[in-house]
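Note: the block below is work_28.cif and it holds mmCIF, C-alpha atoms.
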```
data_data
#
loop_
_atom_site.label_atom_id
_atom_site.label_comp_id
_atom_site.auth_asym_id
_atom_site.auth_seq_id
_atom_site.Cartn_x
_atom_site.Cartn_y
_atom_site.Cartn_z
CA MET O 1 100.47 -151.56 -174.75
CA PHE O 2 101.50 -148.76 -172.42
CA ARG O 3 99.05 -146.10 -171.32
CA ASP O 4 101.77 -143.56 -170.73
CA ILE O 5 105.51 -143.47 -170.30
CA THR O 6 105.34 -144.25 -166.56
CA THR O 7 104.14 -147.78 -167.39
CA LEU O 8 106.79 -148.04 -170.11
CA ILE O 9 109.80 -147.15 -167.95
CA LYS O 10 108.51 -149.44 -165.21
CA ASP O 11 109.20 -152.31 -167.63
CA PRO O 12 112.99 -152.65 -168.10
CA GLU O 13 112.55 -154.56 -171.39
CA ALA O 14 110.35 -151.84 -172.84
CA PHE O 15 112.66 -149.06 -171.62
CA ASN O 16 115.60 -150.94 -173.07
CA TYR O 17 113.75 -151.39 -176.37
CA VAL O 18 113.14 -147.65 -176.63
CA ILE O 19 116.78 -146.75 -175.92
CA GLN O 20 117.94 -149.45 -178.34
CA GLN O 21 115.68 -148.11 -181.13
CA PHE O 22 116.93 -144.57 -180.55
CA THR O 23 120.51 -145.84 -180.55
CA GLU O 24 120.08 -147.66 -183.86
CA HIS O 25 118.44 -144.64 -185.43
CA TYR O 26 121.02 -142.10 -184.28
CA GLN O 27 124.32 -143.94 -183.81
CA ASN O 28 125.59 -143.31 -187.34
CA GLN O 29 124.40 -139.71 -187.51
CA LYS O 30 126.60 -136.78 -186.71
CA ILE O 31 125.45 -135.75 -183.25
CA ASP O 32 127.62 -133.79 -180.83
CA LYS O 33 125.21 -133.31 -177.94
CA ILE O 34 121.84 -134.42 -176.66
CA ALA O 35 119.40 -131.91 -175.14
CA GLY O 36 116.57 -133.22 -172.96
CA ILE O 37 113.36 -131.25 -172.43
CA GLU O 38 112.18 -131.03 -168.79
CA SER O 39 111.15 -133.23 -167.28
CA ARG O 40 110.20 -136.50 -168.98
CA GLY O 41 112.68 -135.76 -171.77
CA PHE O 42 115.37 -136.09 -169.09
CA ILE O 43 114.49 -139.77 -168.62
CA PHE O 44 115.04 -140.81 -172.23
CA GLY O 45 117.63 -138.16 -173.06
CA ALA O 46 119.90 -139.05 -170.13
CA ALA O 47 119.74 -142.80 -170.76
CA LEU O 48 120.46 -142.25 -174.47
CA ALA O 49 123.30 -139.78 -173.84
CA HIS O 50 124.84 -142.25 -171.40
CA LYS O 51 124.52 -145.08 -173.91
CA LEU O 52 125.92 -143.06 -176.84
CA ASN O 53 128.61 -141.49 -174.64
CA LEU O 54 127.50 -137.98 -175.61
CA PRO O 55 127.24 -134.77 -173.55
CA PHE O 56 123.78 -134.19 -172.09
CA VAL O 57 122.37 -130.69 -171.69
CA LEU O 58 119.11 -129.51 -170.18
CA ILE O 59 116.22 -127.46 -171.55
CA ARG O 60 114.22 -126.39 -168.52
CA LYS O 61 111.22 -124.34 -167.46
CA LYS O 62 112.09 -120.73 -166.68
CA GLY O 63 114.13 -119.93 -163.57
CA LYS O 64 115.43 -123.46 -163.00
CA LEU O 65 118.93 -123.31 -164.48
CA PRO O 66 121.81 -122.02 -162.31
CA ALA O 67 123.97 -120.14 -164.86
CA GLU O 68 123.28 -117.55 -167.55
CA THR O 69 120.43 -118.62 -169.85
CA VAL O 70 118.70 -117.80 -173.13
CA SER O 71 114.92 -118.21 -173.14
CA GLN O 72 112.18 -118.85 -175.68
CA GLU O 73 108.47 -118.23 -175.25
CA TYR O 74 105.86 -120.66 -176.58
CA ALA O 75 102.07 -120.75 -176.66
CA LEU O 76 100.00 -122.83 -174.27
CA GLU O 77 96.28 -123.51 -174.67
CA TYR O 78 95.75 -120.45 -172.47
CA GLY O 79 98.61 -117.97 -172.32
CA THR O 80 102.31 -118.55 -172.83
CA ASP O 81 105.27 -120.13 -171.05
CA LYS O 82 109.03 -120.07 -171.40
CA ILE O 83 111.82 -122.61 -171.62
CA GLU O 84 115.51 -121.92 -171.15
CA ILE O 85 118.95 -123.30 -171.92
CA HIS O 86 122.36 -122.33 -170.59
CA LYS O 87 124.02 -119.85 -172.91
CA ASP O 88 127.21 -121.97 -172.90
CA ALA O 89 125.42 -125.32 -173.24
CA ILE O 90 126.26 -125.61 -176.92
CA ASP O 91 129.25 -124.50 -178.97
CA ALA O 92 128.80 -122.81 -182.35
CA GLY O 93 127.99 -125.28 -185.11
CA GLU O 94 127.45 -128.29 -182.86
CA ASN O 95 124.84 -130.83 -183.97
CA VAL O 96 122.24 -131.24 -181.27
CA LEU O 97 119.68 -134.00 -180.91
CA ILE O 98 116.63 -132.83 -178.92
CA VAL O 99 114.79 -135.55 -176.98
CA ASP O 100 111.35 -135.54 -175.37
CA ASP O 101 108.83 -138.23 -174.48
CA LEU O 102 105.80 -136.97 -176.38
CA LEU O 103 105.06 -134.89 -179.49
CA ALA O 104 101.66 -133.27 -178.97
CA THR O 105 101.04 -129.79 -180.44
CA GLY O 106 104.79 -129.30 -180.92
CA GLY O 107 104.92 -125.95 -179.12
CA THR O 108 107.61 -126.91 -176.64
CA ALA O 109 109.67 -128.86 -179.18
CA SER O 110 109.56 -125.98 -181.65
CA ALA O 111 110.70 -123.56 -178.92
CA ALA O 112 113.47 -126.02 -178.03
CA CYS O 113 114.71 -125.96 -181.66
CA GLN O 114 114.72 -122.15 -181.59
CA LEU O 115 116.69 -122.17 -178.32
CA VAL O 116 119.38 -124.45 -179.75
CA GLU O 117 119.68 -122.24 -182.84
CA LYS O 118 119.71 -119.02 -180.77
CA ILE O 119 122.92 -120.13 -179.07
CA GLY O 120 124.55 -121.21 -182.34
CA GLY O 121 123.75 -124.93 -182.50
CA LYS O 122 122.25 -126.93 -185.37
CA VAL O 123 119.26 -129.16 -184.71
CA ALA O 124 120.40 -132.58 -185.95
CA GLY O 125 117.04 -134.10 -185.08
CA VAL O 126 114.14 -134.20 -182.66
CA GLY O 127 113.35 -137.59 -181.17
CA PHE O 128 110.18 -138.59 -179.34
CA VAL O 129 108.94 -141.86 -177.92
CA ILE O 130 105.33 -141.06 -178.85
CA ASP O 131 103.65 -138.89 -181.48
CA LEU O 132 99.98 -137.92 -181.27
CA PRO O 133 99.50 -137.17 -184.99
CA GLU O 134 96.02 -135.66 -184.59
CA LEU O 135 97.57 -132.74 -182.73
CA LYS O 136 99.74 -131.99 -185.79
CA GLY O 137 102.97 -131.36 -183.92
CA ARG O 138 105.00 -132.29 -187.01
CA GLU O 139 103.59 -129.25 -188.82
CA LYS O 140 105.24 -126.97 -186.26
CA LEU O 141 108.54 -128.81 -186.80
CA GLN O 142 108.76 -128.63 -190.59
CA GLY O 143 112.32 -128.67 -191.88
CA TYR O 144 113.59 -130.70 -188.94
CA ASP O 145 114.37 -134.40 -188.89
CA ILE O 146 111.69 -135.92 -186.66
CA PHE O 147 111.81 -139.47 -185.27
CA ASN O 148 109.30 -141.27 -183.08
CA LEU O 149 108.70 -144.86 -182.09
CA VAL O 150 104.96 -144.99 -181.54
CA GLU O 151 101.88 -143.12 -182.74
CA PHE O 152 98.63 -142.97 -180.83
CA GLU O 153 95.45 -142.05 -182.65
CA GLY O 154 92.55 -140.49 -180.73
CA ASP O 155 89.23 -142.29 -180.21
CA MET R 1 135.50 -129.70 -160.40
CA PHE R 2 131.88 -129.22 -161.43
CA ARG R 3 129.86 -126.25 -160.24
CA ASP R 4 126.58 -128.08 -160.55
CA ILE R 5 125.22 -131.18 -162.20
CA THR R 6 124.64 -129.42 -165.55
CA THR R 7 128.39 -129.15 -166.05
CA LEU R 8 128.81 -132.76 -164.90
CA ILE R 9 126.34 -134.34 -167.34
CA LYS R 10 127.77 -132.21 -170.14
CA ASP R 11 130.96 -134.26 -169.71
CA PRO R 12 130.30 -137.85 -170.85
CA GLU R 13 133.29 -139.19 -168.88
CA ALA R 14 132.08 -137.58 -165.66
CA PHE R 15 128.49 -138.74 -166.22
CA ASN R 16 129.79 -142.23 -166.96
CA TYR R 17 131.91 -142.15 -163.80
CA VAL R 18 128.88 -141.27 -161.67
CA ILE R 19 126.74 -144.05 -163.14
CA GLN R 20 129.64 -146.50 -162.82
CA GLN R 21 130.14 -145.62 -159.13
CA PHE R 22 126.43 -146.03 -158.43
CA THR R 23 126.48 -149.34 -160.30
CA GLU R 24 129.40 -150.68 -158.27
CA HIS R 25 127.79 -149.59 -155.02
CA TYR R 26 124.35 -151.04 -155.74
CA GLN R 27 124.81 -153.94 -158.15
CA ASN R 28 125.13 -156.61 -155.43
CA GLN R 29 122.39 -155.21 -153.22
CA LYS R 30 118.84 -156.47 -153.33
CA ILE R 31 117.04 -153.74 -155.28
CA ASP R 32 113.79 -154.34 -157.15
CA LYS R 33 113.06 -150.85 -158.42
CA ILE R 34 114.60 -147.41 -158.75
CA ALA R 35 112.57 -144.29 -157.97
CA GLY R 36 113.79 -140.94 -159.33
CA ILE R 37 112.83 -137.64 -157.73
CA GLU R 38 111.69 -134.91 -160.18
CA SER R 39 113.40 -133.57 -162.07
CA ARG R 40 117.19 -133.89 -161.80
CA GLY R 41 116.78 -137.25 -160.08
CA PHE R 42 115.30 -138.46 -163.38
CA ILE R 43 118.65 -137.90 -165.12
CA PHE R 44 120.70 -140.16 -162.84
CA GLY R 45 117.86 -142.51 -161.89
CA ALA R 46 116.92 -143.28 -165.50
CA ALA R 47 120.51 -143.86 -166.62
CA LEU R 48 121.14 -146.12 -163.61
CA ALA R 49 117.87 -148.06 -164.03
CA HIS R 50 118.70 -148.61 -167.69
CA LYS R 51 122.21 -149.79 -166.81
CA LEU R 52 121.05 -152.12 -164.00
CA ASN R 53 118.06 -153.31 -166.05
CA LEU R 54 115.66 -152.35 -163.26
CA PRO R 55 112.17 -150.81 -163.40
CA PHE R 56 112.17 -147.03 -163.08
CA VAL R 57 109.35 -145.19 -161.31
CA LEU R 58 108.75 -141.48 -160.83
CA ILE R 59 108.30 -139.32 -157.75
CA ARG R 60 106.88 -136.03 -159.03
CA LYS R 61 105.59 -132.67 -157.88
CA LYS R 62 101.85 -132.66 -157.19
CA GLY R 63 99.42 -132.96 -160.10
CA LYS R 64 101.93 -134.26 -162.64
CA LEU R 65 101.30 -138.01 -162.61
CA PRO R 66 98.52 -139.41 -164.85
CA ALA R 67 97.11 -142.26 -162.69
CA GLU R 68 96.01 -142.59 -159.05
CA THR R 69 98.61 -141.22 -156.65
CA VAL R 70 99.60 -141.08 -152.99
CA SER R 71 101.09 -137.80 -151.80
CA GLN R 72 103.40 -136.61 -149.04
CA GLU R 73 103.82 -133.09 -147.76
CA TYR R 74 107.23 -131.64 -146.85
CA ALA R 75 108.47 -128.36 -145.45
CA LEU R 76 110.10 -125.67 -147.58
CA GLU R 77 111.93 -122.66 -146.21
CA TYR R 78 108.60 -120.82 -146.44
CA GLY R 79 105.51 -123.01 -146.47
CA THR R 80 105.10 -126.58 -147.67
CA ASP R 81 104.94 -128.54 -150.90
CA LYS R 82 103.89 -132.03 -151.94
CA ILE R 83 105.38 -134.87 -153.92
CA GLU R 84 103.47 -137.85 -155.31
CA ILE R 85 103.94 -141.40 -156.54
CA HIS R 86 101.58 -143.69 -158.42
CA LYS R 87 99.72 -145.94 -156.00
CA ASP R 88 100.63 -148.98 -158.11
CA ALA R 89 104.26 -147.93 -158.72
CA ILE R 90 105.57 -150.40 -156.13
CA ASP R 91 104.42 -153.85 -155.03
CA ALA R 92 104.28 -154.78 -151.33
CA GLY R 93 107.71 -155.59 -149.91
CA GLU R 94 109.71 -154.46 -152.92
CA ASN R 95 113.14 -152.96 -152.24
CA VAL R 96 113.32 -149.48 -153.70
CA LEU R 97 116.40 -147.38 -154.32
CA ILE R 98 115.57 -143.65 -154.32
CA VAL R 99 117.83 -141.47 -156.48
CA ASP R 100 118.27 -137.70 -156.56
CA ASP R 101 121.08 -135.38 -157.60
CA LEU R 102 121.58 -133.42 -154.39
CA LEU R 103 121.09 -133.93 -150.64
CA ALA R 104 120.49 -130.50 -149.12
CA THR R 105 118.11 -130.21 -146.12
CA GLY R 106 116.73 -133.69 -146.83
CA GLY R 107 113.09 -132.60 -146.85
CA THR R 108 112.24 -133.96 -150.27
CA ALA R 109 114.25 -137.15 -149.82
CA SER R 110 112.64 -137.84 -146.46
CA ALA R 111 109.18 -137.31 -148.00
CA ALA R 112 110.19 -139.66 -150.84
CA CYS R 113 111.06 -142.39 -148.28
CA GLN R 114 107.68 -141.92 -146.63
CA LEU R 115 105.92 -142.17 -150.01
CA VAL R 116 107.64 -145.46 -150.83
CA GLU R 117 106.70 -146.87 -147.42
CA LYS R 118 103.10 -145.60 -147.65
CA ILE R 119 102.50 -147.79 -150.70
CA GLY R 120 104.14 -150.84 -149.12
CA GLY R 121 107.72 -150.63 -150.36
CA LYS R 122 110.97 -150.86 -148.40
CA VAL R 123 113.61 -148.18 -148.88
CA ALA R 124 116.74 -150.13 -149.83
CA GLY R 125 118.78 -146.95 -150.02
CA VAL R 126 118.86 -143.31 -150.99
CA GLY R 127 121.58 -142.34 -153.48
CA PHE R 128 122.76 -138.82 -154.28
CA VAL R 129 125.50 -137.47 -156.48
CA ILE R 130 126.22 -134.60 -154.07
CA ASP R 131 125.76 -134.06 -150.33
CA LEU R 132 125.91 -130.59 -148.74
CA PRO R 133 126.74 -131.78 -145.20
CA GLU R 134 126.31 -128.34 -143.60
CA LEU R 135 122.59 -128.54 -144.32
CA LYS R 136 122.38 -131.76 -142.28
CA GLY R 137 120.18 -133.69 -144.69
CA ARG R 138 121.49 -136.99 -143.31
CA GLU R 139 119.89 -136.20 -139.95
CA LYS R 140 116.46 -136.24 -141.60
CA LEU R 141 117.27 -139.61 -143.18
CA GLN R 142 118.42 -141.50 -140.08
CA GLY R 143 117.85 -145.23 -140.31
CA TYR R 144 118.20 -145.25 -144.09
CA ASP R 145 121.21 -146.36 -146.09
CA ILE R 146 122.58 -143.15 -147.65
CA PHE R 147 125.16 -143.04 -150.42
CA ASN R 148 126.73 -140.05 -152.15
CA LEU R 149 129.73 -139.50 -154.37
CA VAL R 150 130.77 -135.95 -153.53
CA GLU R 151 130.49 -133.55 -150.60
CA PHE R 152 130.61 -129.79 -150.91
CA GLU R 153 131.43 -127.69 -147.85
CA GLY R 154 130.28 -124.08 -147.65
CA ASP R 155 132.64 -121.13 -147.65
#
```

For this file, produce the structure as structure tokens.
Amino acid sequence: MFRDITTLIKDPEAFNYVIQQFTEHYQNQKIDKIAGIESRGFIFGAALAHKLNLPFVLIRKKGKLPAETVSQEYALEYGTDKIEIHKDAIDAGENVLIVDDLLATGGTASAACQLVEKIGGKVAGVGFVIDLPELKGREKLQGYDIFNLVEFEGD
Amino acid sequence: MFRDITTLIKDPEAFNYVIQQFTEHYQNQKIDKIAGIESRGFIFGAALAHKLNLPFVLIRKKGKLPAETVSQEYALEYGTDKIEIHKDAIDAGENVLIVDDLLATGGTASAACQLVEKIGGKVAGVGFVIDLPELKGREKLQGYDIFNLVEFEGD
């Protein structure tokens, strides 16, 4: 049992298990690029991209990327925020796997899907380590192929 | 030539080359854990930790880690900021390799070394993909084993 992903990645066997499970799930699917969502999505996305020998691109909070970006707003509990991707991160028609650590309300992940599509990519799937099903993130991601390794129910 | 690390990690061969070079440099050194500095340090740190089968721990901006933390202030161009590590991230005497993408002024990296030492660890090394030698980051890291793959001079 891991309380959060910091205790998971501190255990090389557990980290390896996660990357192995992702690899088995995705290795025979048509994926051209992996996009990691800042910042814990970078941890799993980068390790997976390295393992699958795929290009790795970043989806970051606003103002953090050096070149020309496209942005997408999403709702927070109070107010809104924005995430961004480089305009040239993805070529038209490429199949992109989006990776993050945790599916909660799905706001960020849904915005990430919109970003990929805005610049001409197809969302091949959205992969999470953990899903918190009570927060109904999957409802915001209907129509996309969602994969997760673990589900945590509330108390 | 890569303008920044986003173009590097988008190229699987280049990303693989970086991780391979880090692996060759560190694989025979006594390293117990890898610490990645938020957030681009997570990309290289996680891939390297996965490859070397080592525990991966996070050094994050203030207020981002879920459990009890220790923090270290560092100077910015204007003002100061703080980074944090979990108090139990490292056991006493463990040899920790700190990883980040870029050595600029060295403020964050130096604070990261202090964090590791504050919770009882030894800094086995600090590894960067890129060094900007004109910013003299190495001067702030004297006494530590510094490794980098590329140097960029200014105009």

Picked residues, the PyMOL selection byres ((chain R) within 7 of (chain O)), expected as a CSV table (one decimal) with C-alpha atoms, in the coordinates of the input:
```csv
chain,number,residue,atom,x,y,z
R,6,THR,CA,124.6,-129.4,-165.6
R,9,ILE,CA,126.3,-134.3,-167.3
R,10,LYS,CA,127.8,-132.2,-170.1
R,11,ASP,CA,131.0,-134.3,-169.7
R,12,PRO,CA,130.3,-137.8,-170.8
R,16,ASN,CA,129.8,-142.2,-167.0
R,39,SER,CA,113.4,-133.6,-162.1
R,42,PHE,CA,115.3,-138.5,-163.4
R,43,ILE,CA,118.6,-137.9,-165.1
R,46,ALA,CA,116.9,-143.3,-165.5
R,47,ALA,CA,120.5,-143.9,-166.6
R,50,HIS,CA,118.7,-148.6,-167.7
R,53,ASN,CA,118.1,-153.3,-166.0
R,54,LEU,CA,115.7,-152.4,-163.3
R,55,PRO,CA,112.2,-150.8,-163.4
R,56,PHE,CA,112.2,-147.0,-163.1
R,57,VAL,CA,109.4,-145.2,-161.3
```

Just the residues within 7 Å of Ala124 in chain O, please, counting all atoms listed in the file, with nothing from its chain fewer than 6 positions along; format it as a short mmCIF file (atom, residue, chain, number, x, y, z; two decimals) with C-alpha atoms, in the coordinates of the input.
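Okay, around-v3.cif is ready:
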```cif
data_model
loop_
_atom_site.label_atom_id
_atom_site.label_comp_id
_atom_site.auth_asym_id
_atom_site.auth_seq_id
_atom_site.Cartn_x
_atom_site.Cartn_y
_atom_site.Cartn_z
CA ILE O 31 125.45 -135.75 -183.25
CA ASN O 95 124.84 -130.83 -183.97
CA VAL O 96 122.24 -131.24 -181.27
CA LEU O 97 119.68 -134.00 -180.91
CA ASP O 145 114.37 -134.40 -188.89
#
```

Check your understanding: So, counting all atoms listed in the file, which residue among O:Leu141, O:Leu76, O:Glu84, O:Val70 is closest to Lys118 in chain O?
Key -> O:Val70

Revision key, fill the gap. What separates CA of Lys87 in chain R and CA of Gly120 in chain R is a distance of 9.5 Å

Check your understanding: Which polymer residues, protein or nucleic acid, are no farther than 7 Å from (116.0, -127.5, -186.6), counting only C-alpha atoms, as a PyMOL selection string?
Key -> chain O and resi 113+122-125+143-144

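Of note, CA of Gly106 in chain O and CA of Tyr26 in chain O are spaced 20.9 Å apart.
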